[in-house]
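Participant: Quick one, data-v4.pdb (PDB, C-alpha atoms and all ligand atoms):
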ATOM      1  CA  MET I   6       0.000   0.000   0.000
ATOM      2  CA  ASN I   7       1.450   3.397  -0.977
ATOM      3  CA  PRO I   8       1.420   6.463   1.361
ATOM      4  CA  LEU I   9      -1.542   8.076  -0.417
ATOM      5  CA  GLN I  10      -3.598   4.907  -0.089
ATOM      6  CA  LYS I  11      -2.736   4.758   3.634
ATOM      7  CA  GLU I  12      -3.753   8.398   4.053
ATOM      8  CA  ILE I  13      -7.099   7.713   2.326
ATOM      9  CA  LEU I  14      -7.839   4.758   4.617
ATOM     10  CA  LYS I  15      -7.008   6.869   7.679
ATOM     11  CA  LEU I  16      -9.297   9.711   6.506
ATOM     12  CA  LYS I  17     -12.007   7.206   5.690
ATOM     13  CA  ARG I  18     -11.942   5.890   9.255
ATOM     14  CA  GLU I  19     -11.863   9.373  10.768
ATOM     15  CA  LYS I  20     -14.844  10.510   8.675
ATOM     16  CA  ASP I  21     -16.688   7.186   8.945
ATOM     17  CA  ALA I  22     -17.016   7.112   5.155
ATOM     18  CA  LEU I  23     -17.624   4.230   2.754
ATOM     19  CA  ILE I  24     -15.679   4.024  -0.509
ATOM     20  CA  LEU I  25     -17.396   2.355  -3.467
ATOM     21  CA  ALA I  26     -15.541   1.667  -6.727
ATOM     22  CA  HIS I  27     -16.638   0.371 -10.115
ATOM     23  CA  TYR I  28     -14.866  -2.595 -11.744
ATOM     24  CA  TYR I  29     -13.565  -0.246 -14.473
ATOM     25  CA  GLN I  30     -11.544   1.854 -11.987
ATOM     26  CA  THR I  31      -7.768   1.450 -11.866
ATOM     27  CA  MET I  32      -6.426  -1.186  -9.447
ATOM     28  CA  ASP I  33      -4.991   1.369  -6.986
ATOM     29  CA  ILE I  34      -8.526   2.715  -6.527
ATOM     30  CA  GLN I  35     -10.084  -0.772  -6.340
ATOM     31  CA  GLU I  36      -7.542  -1.627  -3.591
ATOM     32  CA  ILE I  37      -8.746   1.129  -1.235
ATOM     33  CA  ALA I  38     -12.466   0.545  -1.858
ATOM     34  CA  ASP I  39     -14.781  -1.108   0.684
ATOM     35  CA  HIS I  40     -16.775  -2.569  -2.192
ATOM     36  CA  VAL I  41     -16.036  -3.029  -5.881
ATOM     37  CA  GLY I  42     -18.954  -3.789  -8.166
ATOM     38  CA  ASP I  43     -21.013  -2.907 -11.212
ATOM     39  CA  SER I  44     -23.144   0.227 -11.192
ATOM     40  CA  PHE I  45     -26.238  -1.368  -9.712
ATOM     41  CA  GLU I  46     -24.330  -3.319  -7.044
ATOM     42  CA  LEU I  47     -22.745  -0.045  -5.951
ATOM     43  CA  ALA I  48     -26.128   1.709  -5.709
ATOM     44  CA  ARG I  49     -27.459  -1.205  -3.655
ATOM     45  CA  ARG I  50     -24.419  -1.090  -1.354
ATOM     46  CA  ALA I  51     -24.948   2.651  -0.962
ATOM     47  CA  ARG I  52     -28.542   2.079   0.112
ATOM     48  CA  GLU I  53     -27.566  -0.601   2.653
ATOM     49  CA  ALA I  54     -24.624   1.392   4.047
ATOM     50  CA  ARG I  55     -24.565   2.329   7.708
ATOM     51  CA  GLU I  56     -22.227   5.247   6.943
ATOM     52  CA  GLY I  57     -23.725   8.623   6.062
ATOM     53  CA  LEU I  58     -20.824   9.650   3.804
ATOM     54  CA  LEU I  59     -20.256   7.763   0.553
ATOM     55  CA  VAL I  60     -17.419   8.281  -1.932
ATOM     56  CA  LEU I  61     -18.293   6.855  -5.334
ATOM     57  CA  CYS I  62     -15.333   6.148  -7.607
ATOM     58  CA  GLY I  63     -16.959   5.869 -10.995
ATOM     59  CA  VAL I  64     -18.882   8.176 -13.321
ATOM     60  CA  ARG I  65     -21.671  10.663 -12.583
ATOM     61  CA  PHE I  66     -24.706   8.479 -13.314
ATOM     62  CA  MET I  67     -23.447   5.910 -10.768
ATOM     63  CA  ALA I  68     -23.136   8.525  -8.047
ATOM     64  CA  GLU I  69     -26.608   9.788  -8.999
ATOM     65  CA  SER I  70     -28.096   6.280  -8.647
ATOM     66  CA  ALA I  71     -26.488   5.964  -5.215
ATOM     67  CA  LYS I  72     -28.017   9.313  -4.204
ATOM     68  CA  ILE I  73     -31.445   8.407  -5.641
ATOM     69  CA  LEU I  74     -31.560   5.173  -3.627
ATOM     70  CA  SER I  75     -30.194   6.756  -0.431
ATOM     71  CA  PRO I  76     -31.238  10.423  -0.496
ATOM     72  CA  GLU I  77     -30.482  10.953   3.202
ATOM     73  CA  LYS I  78     -26.759  10.262   2.655
ATOM     74  CA  THR I  79     -24.022  12.531   1.325
ATOM     75  CA  VAL I  80     -22.677  11.106  -1.940
ATOM     76  CA  LEU I  81     -19.352  12.416  -3.283
ATOM     77  CA  LEU I  82     -17.980  12.015  -6.807
ATOM     78  CA  PRO I  83     -14.193  12.609  -6.526
ATOM     79  CA  ALA I  84     -13.688  13.476 -10.221
ATOM     80  CA  PRO I  85     -16.501  15.918 -11.069
ATOM     81  CA  ASP I  86     -15.919  15.743 -14.832
ATOM     82  CA  ALA I  87     -16.178  11.920 -14.958
ATOM     83  CA  GLY I  88     -19.293  11.608 -17.090
ATOM     84  CA  CYS I  89     -20.635   8.921 -19.392
ATOM     85  CA  PRO I  90     -20.883   9.839 -23.086
ATOM     86  CA  MET I  91     -23.663   7.267 -23.588
ATOM     87  CA  ALA I  92     -25.757   8.696 -20.736
ATOM     88  CA  ASP I  93     -25.259  12.154 -22.297
ATOM     89  CA  MET I  94     -26.628  11.019 -25.683
ATOM     90  CA  ILE I  95     -30.235  11.139 -24.509
ATOM     91  CA  GLU I  96     -32.335  13.854 -22.849
ATOM     92  CA  PRO I  97     -35.801  13.671 -21.267
ATOM     93  CA  HIS I  98     -37.335  15.414 -24.322
ATOM     94  CA  ASP I  99     -36.167  12.466 -26.479
ATOM     95  CA  VAL I 100     -38.110  10.129 -24.199
ATOM     96  CA  LEU I 101     -41.215  12.338 -24.450
ATOM     97  CA  ARG I 102     -40.969  12.374 -28.250
ATOM     98  CA  LEU I 103     -40.760   8.568 -28.346
ATOM     99  CA  ARG I 104     -43.720   8.304 -25.956
ATOM    100  CA  ARG I 105     -45.814  10.519 -28.264
ATOM    101  CA  GLU I 106     -44.825   8.368 -31.246
ATOM    102  CA  TYR I 107     -45.531   5.029 -29.485
ATOM    103  CA  PRO I 108     -48.167   5.757 -26.804
ATOM    104  CA  ASP I 109     -48.811   2.060 -26.081
ATOM    105  CA  ALA I 110     -45.136   1.252 -25.374
ATOM    106  CA  ALA I 111     -43.334   0.885 -22.028
ATOM    107  CA  VAL I 112     -40.074   2.815 -21.672
ATOM    108  CA  VAL I 113     -37.234   0.622 -20.358
ATOM    109  CA  CYS I 114     -34.158   2.574 -19.379
ATOM    110  CA  TYR I 115     -30.699   1.064 -18.967
ATOM    111  CA  VAL I 116     -29.215   2.189 -15.609
ATOM    112  CA  ASN I 117     -26.361   3.839 -17.548
ATOM    113  CA  SER I 118     -28.437   7.016 -17.889
ATOM    114  CA  SER I 119     -28.965  10.316 -16.084
ATOM    115  CA  ALA I 120     -31.381  10.805 -13.182
ATOM    116  CA  ALA I 121     -33.563  12.987 -15.446
ATOM    117  CA  VAL I 122     -33.876  10.231 -18.068
ATOM    118  CA  LYS I 123     -34.605   7.589 -15.415
ATOM    119  CA  ALA I 124     -37.319   9.936 -14.105
ATOM    120  CA  ALA I 125     -38.904  10.080 -17.578
ATOM    121  CA  SER I 126     -38.931   6.256 -17.939
ATOM    122  CA  ASP I 127     -41.264   3.501 -16.686
ATOM    123  CA  ILE I 128     -38.656   1.080 -15.368
ATOM    124  CA  CYS I 129     -34.865   0.660 -15.265
ATOM    125  CA  CYS I 130     -32.828  -2.418 -16.143
ATOM    126  CA  THR I 131     -29.212  -3.527 -15.842
ATOM    127  CA  SER I 132     -27.301  -5.350 -18.571
ATOM    128  CA  ALA I 133     -27.827  -8.537 -16.540
ATOM    129  CA  SER I 134     -31.585  -8.073 -16.212
ATOM    130  CA  ALA I 135     -32.608  -6.319 -19.465
ATOM    131  CA  VAL I 136     -33.836  -9.480 -21.210
ATOM    132  CA  ARG I 137     -35.865 -10.709 -18.227
ATOM    133  CA  ILE I 138     -37.394  -7.264 -17.545
ATOM    134  CA  VAL I 139     -38.493  -6.796 -21.163
ATOM    135  CA  ARG I 140     -39.906 -10.336 -21.294
ATOM    136  CA  ALA I 141     -41.825  -9.873 -18.019
ATOM    137  CA  LEU I 142     -43.495  -6.543 -18.890
ATOM    138  CA  PRO I 143     -47.123  -6.787 -20.047
ATOM    139  CA  GLN I 144     -46.619  -4.377 -22.993
ATOM    140  CA  ARG I 145     -45.854  -5.950 -26.399
ATOM    141  CA  ARG I 146     -44.084  -2.808 -27.606
ATOM    142  CA  ILE I 147     -41.004  -1.573 -25.711
ATOM    143  CA  ILE I 148     -38.994   1.616 -26.147
ATOM    144  CA  PHE I 149     -35.466   0.667 -25.084
ATOM    145  CA  ILE I 150     -33.081   3.523 -24.197
ATOM    146  CA  PRO I 151     -30.324   4.630 -24.554
ATOM    147  CA  ASP I 152     -28.047   1.785 -25.766
ATOM    148  CA  GLN I 153     -28.848   0.524 -29.260
ATOM    149  CA  ASN I 154     -26.508  -2.464 -28.880
ATOM    150  CA  LEU I 155     -27.965  -3.728 -25.607
ATOM    151  CA  GLY I 156     -31.427  -3.032 -27.070
ATOM    152  CA  ALA I 157     -30.650  -5.059 -30.218
ATOM    153  CA  TYR I 158     -29.390  -7.913 -28.038
ATOM    154  CA  VAL I 159     -32.624  -7.818 -26.002
ATOM    155  CA  ALA I 160     -34.648  -7.823 -29.251
ATOM    156  CA  SER I 161     -32.782 -10.958 -30.411
ATOM    157  CA  GLN I 162     -33.603 -12.722 -27.125
ATOM    158  CA  VAL I 163     -37.255 -11.626 -26.882
ATOM    159  CA  PRO I 164     -38.529 -11.992 -30.479
ATOM    160  CA  GLU I 165     -42.175 -11.954 -29.368
ATOM    161  CA  LYS I 166     -41.885  -8.222 -28.559
ATOM    162  CA  GLU I 167     -41.371  -5.183 -30.757
ATOM    163  CA  ILE I 168     -38.366  -3.219 -29.495
ATOM    164  CA  ILE I 169     -38.020   0.429 -30.500
ATOM    165  CA  LEU I 170     -34.342   1.366 -30.291
ATOM    166  CA  PHE I 171     -32.722   4.693 -29.510
ATOM    167  CA  ASP I 172     -29.422   5.397 -31.283
ATOM    168  CA  GLY I 173     -27.182   5.790 -28.207
ATOM    169  CA  PHE I 174     -24.086   3.662 -27.662
ATOM    170  CA  CYS I 175     -21.130   3.269 -25.336
ATOM    171  CA  PRO I 176     -18.153   4.647 -27.326
ATOM    172  CA  THR I 177     -15.798   2.255 -25.529
ATOM    173  CA  HIS I 178     -17.656  -1.000 -26.284
ATOM    174  CA  HIS I 179     -18.881   0.218 -29.707
ATOM    175  CA  ARG I 180     -15.247   0.577 -30.850
ATOM    176  CA  VAL I 181     -14.699  -3.199 -30.856
ATOM    177  CA  THR I 182     -15.070  -4.612 -34.369
ATOM    178  CA  GLU I 183     -15.711  -8.075 -35.736
ATOM    179  CA  SER I 184     -12.146  -8.032 -37.167
ATOM    180  CA  ASP I 185     -10.783  -7.401 -33.654
ATOM    181  CA  VAL I 186     -12.458 -10.595 -32.439
ATOM    182  CA  ILE I 187     -11.218 -12.595 -35.443
ATOM    183  CA  ALA I 188      -7.643 -11.341 -34.880
ATOM    184  CA  ALA I 189      -7.786 -11.998 -31.113
ATOM    185  CA  ARG I 190      -9.039 -15.564 -31.671
ATOM    186  CA  LYS I 191      -6.243 -16.190 -34.183
ATOM    187  CA  ALA I 192      -3.652 -14.994 -31.631
ATOM    188  CA  ARG I 193      -5.128 -17.106 -28.785
ATOM    189  CA  PRO I 194      -6.792 -20.153 -30.320
ATOM    190  CA  GLY I 195      -8.935 -22.025 -27.821
ATOM    191  CA  ALA I 196      -9.477 -19.060 -25.494
ATOM    192  CA  PRO I 197     -13.212 -18.376 -25.056
ATOM    193  CA  VAL I 198     -14.426 -14.894 -26.035
ATOM    194  CA  LEU I 199     -16.478 -13.240 -23.260
ATOM    195  CA  VAL I 200     -18.188  -9.981 -24.243
ATOM    196  CA  HIS I 201     -20.490  -7.326 -22.819
ATOM    197  CA  PRO I 202     -23.816  -6.725 -24.613
ATOM    198  CA  GLU I 203     -22.859  -3.048 -25.094
ATOM    199  CA  CYS I 204     -20.698  -4.343 -28.000
ATOM    200  CA  ARG I 205     -22.013  -4.343 -31.600
ATOM    201  CA  PRO I 206     -24.281  -7.224 -32.745
ATOM    202  CA  GLU I 207     -21.628  -8.607 -35.135
ATOM    203  CA  VAL I 208     -19.174  -8.804 -32.198
ATOM    204  CA  LEU I 209     -21.762 -10.561 -30.013
ATOM    205  CA  ALA I 210     -22.378 -13.024 -32.864
ATOM    206  CA  ARG I 211     -18.741 -14.172 -32.605
ATOM    207  CA  ALA I 212     -18.689 -14.525 -28.791
ATOM    208  CA  ASP I 213     -18.801 -17.685 -26.663
ATOM    209  CA  TYR I 214     -20.416 -15.849 -23.767
ATOM    210  CA  ILE I 215     -22.432 -12.607 -23.586
ATOM    211  CA  GLY I 216     -23.003 -11.107 -20.144
ATOM    212  CA  SER I 217     -22.765  -8.198 -17.728
ATOM    213  CA  THR I 218     -19.470  -7.226 -16.096
ATOM    214  CA  SER I 219     -20.271  -9.433 -13.102
ATOM    215  CA  GLY I 220     -21.304 -12.257 -15.442
ATOM    216  CA  ILE I 221     -18.009 -12.031 -17.359
ATOM    217  CA  LEU I 222     -15.994 -12.039 -14.098
ATOM    218  CA  ASP I 223     -17.914 -15.052 -12.861
ATOM    219  CA  ARG I 224     -17.593 -16.998 -16.145
ATOM    220  CA  ALA I 225     -13.839 -16.290 -16.313
ATOM    221  CA  GLU I 226     -13.223 -17.200 -12.664
ATOM    222  CA  ARG I 227     -15.209 -20.439 -12.758
ATOM    223  CA  GLY I 228     -14.277 -21.620 -16.258
ATOM    224  CA  ASP I 229     -11.942 -24.587 -16.826
ATOM    225  CA  GLU I 230     -10.029 -22.922 -19.663
ATOM    226  CA  PRO I 231      -6.495 -21.612 -18.879
ATOM    227  CA  GLU I 232      -6.903 -18.397 -20.924
ATOM    228  CA  TYR I 233      -9.689 -15.964 -21.869
ATOM    229  CA  LEU I 234     -10.354 -13.135 -24.306
ATOM    230  CA  ILE I 235     -12.227 -10.343 -22.547
ATOM    231  CA  GLY I 236     -14.579  -8.005 -24.423
ATOM    232  CA  THR I 237     -15.265  -5.317 -21.860
ATOM    233  CA  GLU I 238     -13.362  -2.456 -20.222
ATOM    234  CA  THR I 239      -9.665  -3.069 -19.395
ATOM    235  CA  GLY I 240     -10.273  -2.630 -15.631
ATOM    236  CA  VAL I 241     -11.981  -6.037 -15.660
ATOM    237  CA  VAL I 242      -8.848  -7.688 -17.071
ATOM    238  CA  GLU I 243      -6.730  -6.040 -14.353
ATOM    239  CA  ARG I 244      -9.121  -7.306 -11.709
ATOM    240  CA  LEU I 245      -9.131 -10.845 -13.108
ATOM    241  CA  ARG I 246      -5.320 -10.932 -13.276
ATOM    242  CA  ALA I 247      -5.131  -9.823  -9.631
ATOM    243  CA  ARG I 248      -7.789 -12.253  -8.423
ATOM    244  CA  VAL I 249      -7.023 -15.350 -10.504
ATOM    245  CA  PRO I 250      -3.235 -15.542 -10.907
ATOM    246  CA  GLY I 251      -3.376 -19.123 -12.230
ATOM    247  CA  LYS I 252      -5.150 -18.151 -15.469
ATOM    248  CA  ARG I 253      -4.328 -15.781 -18.332
ATOM    249  CA  PHE I 254      -6.646 -12.944 -19.409
ATOM    250  CA  TYR I 255      -6.307 -10.836 -22.570
ATOM    251  CA  ILE I 256      -8.265  -7.808 -23.697
ATOM    252  CA  ILE I 257      -9.722  -8.246 -27.219
ATOM    253  CA  THR I 258      -8.460  -4.780 -28.170
ATOM    254  CA  PRO I 259      -6.708  -2.049 -26.144
ATOM    255  CA  GLN I 260      -9.465   0.265 -27.491
ATOM    256  CA  LEU I 261     -11.639  -1.115 -24.683
ATOM    257  CA  PHE I 262     -10.590   1.730 -22.448
ATOM    258  CA  CYS I 263     -13.063   4.211 -20.940
ATOM    259  CA  PRO I 264     -11.234   7.536 -20.368
ATOM    260  CA  ASN I 265     -13.996   8.758 -18.052
ATOM    261  CA  MET I 266     -13.633   5.756 -15.777
ATOM    262  CA  LYS I 267      -9.907   6.502 -15.450
ATOM    263  CA  LYS I 268     -10.383  10.139 -14.416
ATOM    264  CA  THR I 269     -10.546   9.231 -10.719
ATOM    265  CA  ARG I 270      -7.043   9.245  -9.226
ATOM    266  CA  LEU I 271      -5.999   8.545  -5.645
ATOM    267  CA  ILE I 272      -5.374  12.248  -5.122
ATOM    268  CA  ASN I 273      -9.019  12.978  -6.094
ATOM    269  CA  VAL I 274     -10.255  10.430  -3.548
ATOM    270  CA  ARG I 275      -8.018  11.919  -0.867
ATOM    271  CA  ASP I 276      -9.254  15.470  -1.632
ATOM    272  CA  SER I 277     -12.826  14.247  -1.791
ATOM    273  CA  LEU I 278     -12.541  13.011   1.797
ATOM    274  CA  LEU I 279     -10.591  16.052   2.994
ATOM    275  CA  TYR I 280     -12.862  18.733   1.472
ATOM    276  CA  ASN I 281     -16.196  16.895   0.939
ATOM    277  CA  GLU I 282     -15.767  17.156  -2.853
ATOM    278  CA  TYR I 283     -17.955  16.922  -5.043
ATOM    279  CA  GLU I 284     -21.362  16.445  -3.549
ATOM    280  CA  ILE I 285     -24.172  15.104  -5.744
ATOM    281  CA  THR I 286     -27.349  17.168  -5.432
ATOM    282  CA  LEU I 287     -30.538  16.421  -7.361
ATOM    283  CA  ASP I 288     -33.986  17.945  -7.609
ATOM    284  CA  ASP I 289     -36.353  16.221  -5.130
ATOM    285  CA  ASP I 290     -39.170  15.554  -7.641
ATOM    286  CA  GLU I 291     -36.742  14.222 -10.222
ATOM    287  CA  MET I 292     -35.191  11.985  -7.572
ATOM    288  CA  ASP I 293     -38.596  10.624  -6.517
ATOM    289  CA  MET I 294     -39.540   9.782 -10.106
ATOM    290  CA  ALA I 295     -36.155   8.229 -10.889
ATOM    291  CA  ARG I 296     -36.410   6.195  -7.678
ATOM    292  CA  GLY I 297     -39.755   4.891  -8.915
ATOM    293  CA  SER I 298     -38.089   3.487 -12.068
ATOM    294  CA  LEU I 299     -35.244   1.913 -10.090
ATOM    295  CA  GLU I 300     -37.516   0.475  -7.417
ATOM    296  CA  LYS I 301     -39.829  -1.084 -10.002
ATOM    297  CA  MET I 302     -36.811  -2.990 -11.284
ATOM    298  CA  ILE I 303     -35.878  -4.018  -7.734
ATOM    299  CA  GLU I 304     -39.495  -5.038  -6.908
ATOM    300  CA  MET I 305     -39.571  -7.273  -9.941
ATOM    301  CA  GLY I 306     -36.571  -8.986  -8.357
ATOM    302  CA  LEU I 307     -34.861  -8.913 -11.715
ATOM    303  CA  HIS I 308     -31.872  -6.667 -11.169
ATOM    304  CA  GLY I 309     -29.268  -9.328 -10.461
ATOM    305  CA  GLY I 310     -27.154 -11.407 -12.796
TER     306      GLY I 310
HETATM  307  S1  LIG W 401     -17.677   2.283 -20.327
HETATM  308 FE1  LIG W 401     -19.218   3.186 -21.689
HETATM  309  S2  LIG W 401     -21.141   3.115 -20.542
HETATM  310 FE2  LIG W 401     -19.452   2.844 -19.059
HETATM  311  S3  LIG W 401     -18.980   4.915 -18.346
HETATM  312 FE3  LIG W 401     -17.599   4.514 -20.050
HETATM  313  S4  LIG W 401     -18.712   5.357 -21.836
HETATM  314 FE4  LIG W 401     -20.214   5.138 -20.191
END
Take the structure in the file and give it back as structure tokens.
Ligand code: SF4

Facilitator:
Amino acid sequence: MNPLQKEILKLKREKDALILAHYYQTMDIQEIADHVGDSFELARRAREAREGLLVLCGVRFMAESAKILSPEKTVLLPAPDAGCPMADMIEPHDVLRLRREYPDAAVVCYVNSSAAVKAASDICCTSASAVRIVRALPQRRIIFIPDQNLGAYVASQVPEKEIILFDGFCPTHHRVTESDVIAARKARPGAPVLVHPECRPEVLARADYIGSTSGILDRAERGDEPEYLIGTETGVVERLRARVPGKRFYIITPQLFCPNMKKTRLINVRDSLLYNEYEITLDDDEMDMARGSLEKMIEMGLHGG
């Protein structure tokens, strides 16, 4: 543990804070976190936390979800400019336009979205639960926002429903091409290809396993194969290498790097604890409505992997 990490742990104890980190954070951040997880796991941990001060090492929508599910707590985002380009691709007025166009449809919103967009939706989903949520809803027509790739994957798994897609995408996962998978397989023959459904359909078509970040970690940890090709953000490969030293993990392409997820540095976490930086504040009505969408997902018991 380096001196800055030690200082953070000392401050954390003094302030009785809880540090939550996403799997895509760098390993030095993951090492000082109380919990490491995907965005929904972190929001759930935030809600269950005894501590009143939460430091969320991730991007803005994750800190917002933590605040929405535990409004009485102080939620800090150490790197205030860590946003998510996919979440920024859609605004509430886009949701209203789609609702006017398809009045009989339910709006299903991927948790990788802003509080305002969650508030304008009927129900949230995670990448692990999207298929089951869409299948379980009574509506035959579904507006799926904002990720076109996850939406297309859901459509392929639930052919009995009509899925209206929005044209958002995660720039990091969308960068992976079919040729990248072909080249990676050639370099590591026999290694299974595990990919996130935020990748393009033609990439998913060449995968051995399609799943959420937690699903990919689980498949890679439990699998019998000695090596794996990973099709999600590089932080997951770092985590697997640290946790499963007996196996070999390779990223399909170094393009699988989310610059926003790497904006949080140890110094930001230290300053966050020292100066209470940067507190997430949301409009009360917006928070109530967004909470409704998240809680519907939780009530359906379909959030997990
Ligand atoms: S990996 Fe993609 S979805 Fe996740 S924060 Fe980065 S841009 Fe957003």

Participant: Neighbours of Ala212 of chain I within 9 Å (only C-alpha atoms; same-chain residues fewer than 5 positions away dropped), as a ChimeraX atom specification?

Facilitator: /I:186,197-200,236

Participant: I need the residues from that last selection saved to file as a tab-separated table (two decimals), in the frame of the given file (with C-alpha atoms), if you can.

Facilitator:
chain	number	residue	atom	x	y	z
I	186	VAL	CA	-12.46	-10.60	-32.44
I	197	PRO	CA	-13.21	-18.38	-25.06
I	198	VAL	CA	-14.43	-14.89	-26.04
I	199	LEU	CA	-16.48	-13.24	-23.26
I	200	VAL	CA	-18.19	-9.98	-24.24
I	236	GLY	CA	-14.58	-8.01	-24.42

Participant: Counting only C-alpha atoms and all ligand atoms, name the residues that have an atom within 10 Å of an atom of ligand LIG 401 (chain W); the answer should be given as number ranges by chain.

Facilitator: I: 27, 29, 43-44, 63-67, 87-93, 115-118, 152, 174-179, 203-204, 237-239, 261-267

Participant: Between atom CA of Thr79 of chain I and atom CA of Leu58 of chain I, what distance in Å does the model show, to one decimal?

Facilitator: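 Value for the atom CA of Thr79 of chain I-atom CA of Leu58 of chain I distance: 5.0 Å.
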
Participant: Would you pick out the contacts of Glu282 of chain I at 10 Å or less, using all atoms listed in the file, so that residues sharing its chain but fewer than 5 positions from it are not included, and give the list as a short mmCIF file (atom, residue, chain, number, x, y, z; two decimals) with C-alpha atoms, in the coordinates of the input?

Facilitator:
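around.cif, written as the output of this step:
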data_model
loop_
_atom_site.label_atom_id
_atom_site.label_comp_id
_atom_site.auth_asym_id
_atom_site.auth_seq_id
_atom_site.Cartn_x
_atom_site.Cartn_y
_atom_site.Cartn_z
CA VAL I 60 -17.42 8.28 -1.93
CA VAL I 80 -22.68 11.11 -1.94
CA LEU I 81 -19.35 12.42 -3.28
CA LEU I 82 -17.98 12.02 -6.81
CA PRO I 83 -14.19 12.61 -6.53
CA ALA I 84 -13.69 13.48 -10.22
CA PRO I 85 -16.50 15.92 -11.07
CA ASN I 273 -9.02 12.98 -6.09
CA VAL I 274 -10.26 10.43 -3.55
CA ARG I 275 -8.02 11.92 -0.87
CA ASP I 276 -9.25 15.47 -1.63
CA SER I 277 -12.83 14.25 -1.79
#

Participant: Between I:Ile13, I:Ile169, I:Met292, I:Val242, which is the closest to Thr31 of chain I once you count only C-alpha atoms?

Facilitator: I:Val242

Participant: Between I:Lys17, I:Arg137, I:Lys78, I:Lys166, which residue has the minimum interatomic distance to Ala111 of chain I, considering only C-alpha atoms?

Facilitator: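 The closest residue to Ala111 of chain I is I:Lys166.
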
Participant: Compare I:Glu77, I:Gly216, I:Phe45, I:Lys191 by their minimum atom-to-atom distance to Val136 of chain I, counting all atoms listed in the file, and give me the closest one.

Facilitator: I:Gly216

Participant: Give the answer as one residue: which of I:Glu243, I:Asp99, I:Glu300, I:Asp213 has the shortest atom-to-atom distance to Glu36 of chain I, using all atoms listed in the file?

Facilitator: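 With all atoms listed in the file as the atom set, the closest residue is I:Glu243.
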
Participant: Using only C-alpha atoms for the distances, tell me which of I:Val122, I:Ala26, I:Ala110, I:Met94 is nearest to Leu299 of chain I.

Facilitator: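 Under the stated criterion, the closest residue is I:Val122.
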
Participant: Just so the selection is clear, what residues does the PyMOL selection byres (((chain I and resi 40) around 8) and not hetatm) cover here, as a list in words?

Facilitator: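 So the PyMOL selection byres (((chain I and resi 40) around 8) and not hetatm), applied here, picks out Ile24, Leu25, Ala26, Ala38, Asp39, Val41, Gly42, Leu47 and Arg50 of chain I.
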
Participant: Go through the shown structure with the PyMOL selection byres (((chain I and resi 245-253) around 9) and not hetatm) and write out the matching residues as a PyMOL selection string.

Facilitator: chain I and resi 32+222+225-226+230-234+240-244+254-255

Participant: Apply the PyMOL selection byres (((chain I and resi 133) around 6) and not hetatm) to the displayed file and report the matching residues as an NGL selection string.

Facilitator: :I and (131-132 or 134 or 217 or 310)
